[in-house]
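Q: Next comes the structure file model.cif, holding mmCIF, C-alpha atoms.
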```
data_run
#
loop_
_atom_site.label_atom_id
_atom_site.label_comp_id
_atom_site.auth_asym_id
_atom_site.auth_seq_id
_atom_site.Cartn_x
_atom_site.Cartn_y
_atom_site.Cartn_z
CA MET J 1 15.92 -53.32 1.03
CA LYS J 2 12.62 -52.29 2.63
CA ALA J 3 9.46 -53.42 0.86
CA HIS J 4 7.54 -50.59 -0.74
CA SER J 5 3.98 -50.00 0.39
CA THR J 6 1.42 -49.55 -2.39
CA ASP J 7 -0.86 -47.47 -0.18
CA PRO J 8 -0.89 -43.76 -1.19
CA LEU J 9 0.22 -41.20 1.35
CA PRO J 10 -2.64 -39.04 2.66
CA PRO J 11 -2.30 -35.21 2.52
CA ASP J 12 -1.55 -35.09 6.26
CA TRP J 13 1.06 -37.87 6.09
CA PHE J 14 3.65 -35.74 7.90
CA LEU J 15 1.36 -35.57 10.93
CA ARG J 16 0.67 -39.28 10.92
CA VAL J 17 4.35 -40.25 10.75
CA ARG J 18 5.23 -37.48 13.24
CA LEU J 19 7.74 -35.85 10.92
CA LYS J 20 10.21 -33.86 13.00
CA PHE J 21 12.49 -30.93 12.32
CA ARG J 22 15.34 -33.35 13.06
CA HIS J 23 14.22 -35.50 10.12
CA LEU J 24 14.56 -32.54 7.74
CA GLN J 25 18.05 -31.80 9.03
CA LEU J 26 19.05 -35.46 8.70
CA PHE J 27 17.85 -35.69 5.08
CA VAL J 28 19.95 -32.67 4.10
CA ALA J 29 23.01 -33.86 6.04
CA LEU J 30 22.81 -37.33 4.44
CA ASP J 31 22.55 -35.76 1.01
CA ASP J 32 25.56 -33.53 1.71
CA HIS J 33 27.79 -36.23 3.20
CA ARG J 34 26.37 -39.51 1.78
CA ASN J 35 27.59 -41.13 4.99
CA LEU J 36 25.51 -41.85 8.08
CA HIS J 37 28.40 -41.43 10.53
CA ARG J 38 29.43 -38.01 9.16
CA ALA J 39 25.81 -36.85 8.89
CA ALA J 40 25.18 -37.80 12.52
CA ALA J 41 28.35 -36.01 13.63
CA ARG J 42 27.27 -32.87 11.83
CA LEU J 43 23.98 -32.90 13.74
CA GLY J 44 25.67 -33.69 17.06
CA MET J 45 24.05 -37.07 17.49
CA SER J 46 25.29 -40.68 17.57
CA GLN J 47 25.25 -42.85 14.49
CA PRO J 48 22.84 -45.40 16.08
CA ALA J 49 20.44 -42.57 16.95
CA ALA J 50 20.57 -41.21 13.39
CA SER J 51 20.10 -44.71 11.96
CA LYS J 52 17.08 -45.33 14.20
CA LEU J 53 15.56 -41.94 13.29
CA LEU J 54 15.83 -42.71 9.60
CA GLY J 55 14.73 -46.33 9.95
CA ASP J 56 11.63 -45.46 11.96
CA LEU J 57 10.54 -42.92 9.36
CA GLU J 58 11.10 -45.35 6.49
CA HIS J 59 9.01 -47.92 8.34
CA LEU J 60 6.15 -45.47 8.84
CA LEU J 61 6.30 -44.32 5.20
CA GLY J 62 6.50 -47.86 3.90
CA VAL J 63 9.42 -47.07 1.54
CA SER J 64 13.22 -46.96 1.64
CA LEU J 65 14.64 -43.47 1.20
CA PHE J 66 18.34 -44.35 0.85
CA GLU J 67 20.29 -47.20 -0.67
CA ARG J 68 22.86 -48.52 1.83
CA HIS J 69 26.25 -49.70 0.60
CA SER J 70 29.73 -50.27 2.05
CA ARG J 71 30.90 -46.70 1.49
CA GLY J 72 27.79 -44.91 2.70
CA VAL J 73 24.24 -44.12 1.53
CA THR J 74 22.70 -42.77 -1.68
CA PRO J 75 19.20 -41.28 -1.89
CA ASN J 76 16.77 -43.05 -4.21
CA TRP J 77 13.86 -41.36 -5.96
CA TYR J 78 11.81 -41.20 -2.76
CA GLY J 79 14.75 -39.86 -0.81
CA GLU J 80 15.57 -37.24 -3.47
CA SER J 81 11.98 -36.02 -3.36
CA LEU J 82 12.02 -35.63 0.43
CA ILE J 83 15.49 -34.03 0.38
CA ARG J 84 14.32 -31.42 -2.14
CA HIS J 85 11.31 -30.48 -0.03
CA ALA J 86 13.34 -30.62 3.20
CA ARG J 87 15.84 -28.13 1.77
CA GLY J 88 13.00 -25.86 0.73
CA MET J 89 11.39 -25.94 4.17
CA LEU J 90 14.67 -25.33 5.98
CA THR J 91 15.50 -22.45 3.64
CA SER J 92 12.06 -20.90 4.18
CA LEU J 93 12.42 -21.18 7.94
CA ALA J 94 15.88 -19.60 7.79
CA GLN J 95 14.45 -16.71 5.76
CA ALA J 96 11.55 -16.27 8.16
CA SER J 97 13.71 -14.50 10.74
CA ASP J 98 14.83 -11.93 8.18
CA GLU J 99 11.24 -11.37 7.09
CA ILE J 100 9.94 -11.09 10.64
CA ASN J 101 12.70 -8.63 11.57
CA ALA J 102 11.95 -6.61 8.43
CA LEU J 103 8.25 -6.53 9.28
CA LYS J 104 9.02 -5.44 12.84
CA GLU J 105 11.08 -2.55 11.50
CA GLY J 106 8.52 -1.63 8.81
CA ASN J 107 10.93 -2.59 6.02
CA ALA J 108 8.67 -5.15 4.31
CA GLY J 109 5.02 -6.04 3.87
CA THR J 110 2.22 -4.13 2.18
CA VAL J 111 0.62 -0.77 2.97
CA SER J 112 -2.66 0.35 1.37
CA ILE J 113 -3.69 4.00 1.49
CA GLY J 114 -6.71 5.87 0.22
CA THR J 115 -6.22 9.57 -0.47
CA VAL J 116 -7.86 12.62 -1.96
CA LEU J 117 -5.98 13.99 -4.93
CA ALA J 118 -3.83 16.89 -3.73
CA PRO J 119 -2.01 15.05 -0.91
CA ALA J 120 -1.32 12.17 -3.31
CA VAL J 121 0.39 14.56 -5.71
CA THR J 122 2.79 16.12 -3.24
CA LEU J 123 2.72 15.06 0.39
CA LEU J 124 2.12 11.32 0.03
CA ALA J 125 4.36 10.89 -3.02
CA SER J 126 7.25 12.52 -1.15
CA ALA J 127 6.61 10.45 1.98
CA VAL J 128 6.65 7.18 0.03
CA GLU J 129 9.88 8.16 -1.69
CA ARG J 130 11.48 8.91 1.67
CA VAL J 131 10.32 5.64 3.25
CA HIS J 132 11.58 3.64 0.26
CA ARG J 133 15.11 4.94 0.82
CA ASP J 134 15.33 2.78 3.95
CA SER J 135 12.63 0.22 3.12
CA PRO J 136 12.82 -0.50 -0.61
CA HIS J 137 10.86 -3.75 -0.24
CA LEU J 138 7.83 -2.16 1.39
CA GLU J 139 4.97 -2.48 -1.11
CA VAL J 140 2.73 0.59 -1.15
CA ASN J 141 -0.71 0.65 -2.80
CA ILE J 142 -2.34 4.07 -3.28
CA ASP J 143 -5.96 4.58 -4.32
CA VAL J 144 -7.02 8.13 -5.19
CA GLY J 145 -10.65 9.14 -4.82
CA VAL J 146 -13.08 11.32 -2.91
CA SER J 147 -13.60 11.17 0.84
CA ARG J 148 -17.14 9.80 0.74
CA ASN J 149 -15.85 6.73 -1.13
CA LEU J 150 -12.49 6.31 0.61
CA VAL J 151 -13.52 6.43 4.27
CA PRO J 152 -16.11 3.61 4.08
CA ARG J 153 -13.42 1.47 2.44
CA LEU J 154 -11.06 2.32 5.30
CA ARG J 155 -13.73 1.23 7.77
CA ASP J 156 -14.17 -2.03 5.83
CA GLY J 157 -10.47 -2.84 6.09
CA GLU J 158 -9.34 -2.06 2.51
CA PHE J 159 -6.90 0.64 3.66
CA ASP J 160 -4.42 0.91 6.52
CA PHE J 161 -5.19 4.62 6.74
CA ALA J 162 -6.57 7.39 4.57
CA ILE J 163 -5.78 11.02 3.81
CA ALA J 164 -9.22 12.52 3.45
CA ARG J 165 -12.12 14.06 5.34
CA ILE J 166 -14.65 12.18 7.46
CA PRO J 167 -17.92 12.41 5.49
CA SER J 168 -21.02 13.61 7.23
CA GLY J 169 -23.14 10.80 8.56
CA MET J 170 -20.17 8.53 9.33
CA PRO J 171 -19.70 7.60 13.02
CA ALA J 172 -16.80 9.91 13.85
CA GLY J 173 -16.10 8.01 17.05
CA ASP J 174 -14.81 5.06 15.01
CA PHE J 175 -11.90 7.12 13.69
CA VAL J 176 -8.87 9.08 14.79
CA PHE J 177 -8.55 12.23 12.68
CA GLU J 178 -5.27 14.14 12.61
CA GLU J 179 -5.67 17.40 10.72
CA ILE J 180 -3.20 18.33 8.00
CA GLY J 181 -4.63 21.41 6.31
CA GLU J 182 -6.89 22.91 3.70
CA GLU J 183 -6.73 22.50 -0.05
CA ALA J 184 -6.38 25.76 -1.95
CA LEU J 185 -8.36 25.76 -5.19
CA CYS J 186 -7.91 27.58 -8.50
CA PHE J 187 -9.63 28.00 -11.85
CA VAL J 188 -7.94 26.48 -14.91
CA CYS J 189 -8.52 27.07 -18.61
CA ARG J 190 -6.53 26.46 -21.77
CA ALA J 191 -3.72 28.81 -22.71
CA GLY J 192 -5.08 31.39 -25.13
CA HIS J 193 -8.55 31.27 -23.60
CA PRO J 194 -10.30 34.70 -23.87
CA LEU J 195 -10.55 34.89 -20.07
CA ALA J 196 -6.82 34.33 -19.58
CA LYS J 197 -5.99 37.91 -20.57
CA ASP J 198 -8.80 39.65 -18.67
CA ALA J 199 -9.16 40.67 -15.05
CA PHE J 200 -10.88 38.03 -12.95
CA ASP J 201 -14.67 38.35 -13.13
CA LEU J 202 -17.23 35.65 -12.36
CA ILE J 203 -19.96 36.95 -14.67
CA PRO J 204 -18.06 36.51 -17.98
CA MET J 205 -17.10 33.02 -16.82
CA LEU J 206 -20.77 32.00 -17.02
CA GLY J 207 -20.60 32.34 -20.79
CA TYR J 208 -18.33 29.30 -21.06
CA PRO J 209 -18.86 25.60 -20.35
CA TRP J 210 -17.51 24.10 -17.14
CA VAL J 211 -16.05 20.72 -16.22
CA LEU J 212 -16.62 20.07 -12.51
CA GLN J 213 -16.83 17.30 -9.98
CA PRO J 214 -20.32 15.76 -9.64
CA PRO J 215 -22.97 17.51 -7.51
CA GLY J 216 -22.25 17.16 -3.80
CA ALA J 217 -18.47 17.01 -4.17
CA LEU J 218 -16.60 19.53 -2.02
CA MET J 219 -14.94 21.39 -4.91
CA ARG J 220 -18.27 21.60 -6.73
CA GLN J 221 -19.96 22.99 -3.61
CA ARG J 222 -17.20 25.51 -3.07
CA VAL J 223 -17.54 26.87 -6.61
CA GLU J 224 -21.32 27.12 -6.28
CA HIS J 225 -20.99 28.90 -2.92
CA LEU J 226 -18.51 31.37 -4.40
CA PHE J 227 -20.98 32.41 -7.10
CA LEU J 228 -23.84 32.62 -4.62
CA HIS J 229 -21.66 34.68 -2.26
CA HIS J 230 -21.28 37.22 -5.06
CA LYS J 231 -25.03 37.02 -5.77
CA VAL J 232 -24.44 35.38 -9.14
CA ALA J 233 -26.21 32.22 -10.30
CA PRO J 234 -23.81 29.25 -10.47
CA PRO J 235 -22.74 27.85 -13.85
CA GLN J 236 -25.37 25.81 -15.71
CA ARG J 237 -23.41 24.37 -18.65
CA ILE J 238 -21.53 21.67 -16.76
CA ILE J 239 -19.89 18.38 -17.65
CA ASN J 240 -19.64 16.25 -14.49
CA THR J 241 -16.57 14.10 -13.87
CA PRO J 242 -14.55 13.23 -10.76
CA ASP J 243 -11.48 12.55 -12.93
CA ILE J 244 -9.03 15.46 -13.15
CA TYR J 245 -7.40 14.00 -16.26
CA MET J 246 -10.72 13.92 -18.11
CA ALA J 247 -11.42 17.45 -16.93
CA LEU J 248 -8.05 18.70 -18.19
CA ALA J 249 -8.54 16.89 -21.50
CA MET J 250 -11.83 18.73 -21.97
CA VAL J 251 -10.26 22.04 -20.99
CA ASP J 252 -7.36 21.47 -23.37
CA LYS J 253 -9.69 20.88 -26.34
CA SER J 254 -12.30 23.57 -25.69
CA ASP J 255 -13.06 26.84 -23.91
CA SER J 256 -14.21 24.94 -20.82
CA ILE J 257 -13.16 25.98 -17.32
CA THR J 258 -12.40 23.61 -14.47
CA VAL J 259 -11.44 23.82 -10.82
CA THR J 260 -8.70 21.84 -9.14
CA THR J 261 -6.38 22.15 -6.18
CA ARG J 262 -3.47 24.53 -6.49
CA GLU J 263 -0.94 21.75 -5.93
CA VAL J 264 -2.41 19.68 -8.75
CA ALA J 265 -2.49 22.74 -11.00
CA ASP J 266 1.16 23.51 -10.28
CA LEU J 267 2.08 19.97 -11.30
CA LEU J 268 -0.22 19.36 -14.28
CA CYS J 269 -1.49 22.69 -15.55
CA THR J 270 1.71 24.31 -16.78
CA GLN J 271 2.36 26.69 -19.64
CA PRO J 272 2.14 26.75 -22.59
CA ARG J 273 -0.86 24.41 -22.50
CA PHE J 274 -2.93 25.73 -19.60
CA ALA J 275 -3.53 28.98 -17.75
CA ILE J 276 -4.48 29.50 -14.12
CA LEU J 277 -6.96 32.31 -13.67
CA PRO J 278 -6.00 34.79 -10.93
CA SER J 279 -8.95 34.66 -8.53
CA THR J 280 -9.50 37.59 -6.18
CA ASP J 281 -11.09 35.25 -3.62
CA ALA J 282 -9.21 32.86 -1.38
CA LEU J 283 -10.79 29.65 -2.58
CA SER J 284 -10.28 26.49 -0.51
CA VAL J 285 -12.10 23.49 0.90
CA GLN J 286 -12.28 22.28 4.48
CA PRO J 287 -9.19 20.67 6.03
CA PHE J 288 -8.25 17.11 5.23
CA GLY J 289 -6.21 14.87 7.51
CA LEU J 290 -4.81 11.47 8.36
CA ILE J 291 -7.64 9.09 9.24
CA SER J 292 -7.15 5.76 10.96
CA LEU J 293 -9.50 3.36 12.70
CA ARG J 294 -9.50 3.76 16.45
CA GLU J 295 -9.70 0.04 17.26
CA ARG J 296 -7.35 -1.32 14.57
CA ARG J 297 -3.66 -1.84 15.21
CA MET J 298 -1.55 -0.56 12.35
CA SER J 299 1.08 -2.76 10.70
CA PRO J 300 4.75 -1.76 11.19
CA GLY J 301 5.03 -0.66 7.55
CA ALA J 302 1.88 1.46 7.72
CA ALA J 303 3.01 2.98 11.05
CA LYS J 304 6.38 3.83 9.51
CA LEU J 305 4.76 5.59 6.55
CA MET J 306 2.37 7.50 8.79
CA SER J 307 5.25 8.54 11.06
CA THR J 308 7.08 9.85 8.01
CA LEU J 309 3.99 11.85 7.00
CA HIS J 310 3.87 13.40 10.48
CA GLN J 311 7.52 14.39 10.20
CA MET J 312 7.06 15.93 6.75
CA ILE J 313 4.05 17.92 7.90
CA ARG J 314 6.09 19.35 10.79
CA GLU J 315 8.96 20.18 8.43
CA ARG J 316 6.59 21.84 6.00
CA ARG J 317 5.07 24.00 8.71
CA THR J 318 8.53 25.01 9.96
CA HIS J 319 10.01 25.92 6.59
CA GLU J 320 6.89 27.42 5.02
CA PRO J 321 5.28 29.64 7.66
CA SER J 322 3.12 31.34 5.04
CA THR J 323 1.68 28.08 3.70
CA THR J 324 -2.06 27.59 3.46
CA LEU J 325 -1.83 24.50 5.64
CA ALA J 326 -3.72 24.90 8.87
CA HIS J 327 -1.75 24.62 12.10
CA TYR J 328 -1.08 20.92 12.56
CA SER J 329 -2.34 19.26 15.68
CA ASP J 330 -3.64 15.90 16.75
CA VAL J 331 -7.43 15.98 16.78
CA THR J 332 -9.47 13.00 17.91
CA LEU J 333 -13.07 13.22 16.83
#
```
Can I see the file as structure tokens?

A:
Amino acid sequence: MKAHSTDPLPPDWFLRVRLKFRHLQLFVALDDHRNLHRAAARLGMSQPAASKLLGDLEHLLGVSLFERHSRGVTPNWYGESLIRHARGMLTSLAQASDEINALKEGNAGTVSIGTVLAPAVTLLASAVERVHRDSPHLEVNIDVGVSRNLVPRLRDGEFDFAIARIPSGMPAGDFVFEEIGEEALCFVCRAGHPLAKDAFDLIPMLGYPWVLQPPGALMRQRVEHLFLHHKVAPPQRIINTPDIYMALAMVDKSDSITVTTREVADLLCTQPRFAILPSTDALSVQPFGLISLRERRMSPGAAKLMSTLHQMIRERRTHEPSTTLAHYSDVTL
């Protein structure tokens, strides 16, 4: 029996003893067969070669790994420890090909997207569902916000791509912008609100409180411009919040009025709880689009999701010719 060394193994012991892939295979084969001759045959090597490979490693480690006896070999505690780790490493390596192939095909990995609200409600949700039919293991992270917060995070590497607008002041040359369309807006109040039964008129609306996005937000600007266009002072009694759920909670409990995208309203603002006021003006905000960084290569999973979004946009334009979406085209800013 080999004398055991009392010196501890350093963290990089496998480099110092020149541990080889062949060692890992030999450990597992010896554990399966408990016989050096059969283990060597399984690996396509001679018994003397297998014996030397094992003996050299035991010498470098300073411990015996197997007990030799007339009928074969049996792993001791040291051998069982190495066999367990060898099996784990070989299994991980065997799984690596499946994972790499899945990543190549966009069927695994992680995709992070930042999006303004309306596309997240309809377009992006449908695209993720479609991608997951073929790639159920693709992890998708979606962060909903406003463009002025999302695009800097895209630039900093937090997102693979964004569905938003490039804020003013950002270096447009850093991005590729592919236009999707405009967001149609609408006014929302609670069901039973006094305005819900009247013809649309901006002036009476000033008599009620409003819940709007903070100053500077696109929807807030669009509402203010609408009032100014009709030579009416914008609302003054305003609660500011970027959160549509907080806005709807306020609307539900009071006579407040809010503004949201038509797609969000169709999903969340249904009867008998809410009413959508019939505006006589076509209210919308500037087009949003797919934004990616010009100099960053997209992961296979992110590219697959973006390709699916492109396909859905084309389908939407074909089947809904009267949609408010602008004509889709690739635009590089």

Q: Record the distance separating CA of Ala94 in chain J and CA of Trp13 in chain J, expressed in Å with one decimal.

A: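 CA of Ala94 in chain J sits 23.6 Å away from CA of Trp13 in chain J.
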
Q: Evaluating the PyMOL selection byres ((chain J and resi 125) around 12) on the displayed file yields which residues, as number ranges by chain?

A: J: 113, 115, 117-124, 126-132, 140-142, 144, 305, 308-309, 312

Q: Let me know the residues the PyMOL selection byres ((chain J and resi 161-166) around 8) catches in the file above, as number ranges by chain.

A: J: 112-116, 119, 146-148, 150-151, 154, 159-160, 167-168, 170, 172, 287-293, 302

Q: From the list J:Ala41, J:Ile100, J:Ala108, J:Leu36, which residue is nearest Glu139 in chain J when using only C-alpha atoms?

A: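 Distance minimum relative to Glu139 in chain J lands on J:Ala108.
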
Q: What does the PyMOL selection byres ((chain J and resi 65-75) around 9) select in this file, as a ChimeraX atom specification?

A: /J:1,30-31,33-37,54,58,63-64,76-80,82-83

Q: Measure the distance from CA of Leu226 in chain J to CA of Arg190 in chain J in Å and round it to one decimal.

A: 21.7 Å

Q: Using all atoms listed in the file, can you tell me which of J:His59, J:Arg317, J:Arg220, J:Lys20 comes closest to Pro242 in chain J?

A: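 Between J:His59, J:Arg317, J:Arg220, J:Lys20, the residue approaching Pro242 in chain J most closely is J:Arg220.
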
Q: Between CA of Tyr208 in chain J and CA of Phe187 in chain J, what is the distance in Å, rounded to a tenth?

A: 12.7 Å

Q: Compare J:Ile313, J:Leu24, J:Leu61, J:Ala265 by their minimum atom-to-atom distance to Thr91 in chain J, counting only C-alpha atoms, and give me the closest one.

A: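 The closest residue to Thr91 in chain J is J:Leu24.
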
Q: Have a look at J:Val111, J:Ala40, J:Cys186, J:Leu26 and name the one nearest to Ala275 in chain J; count only C-alpha atoms.

A: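 Checking each candidate against Ala275 in chain J, we get J:Cys186 as the closest.
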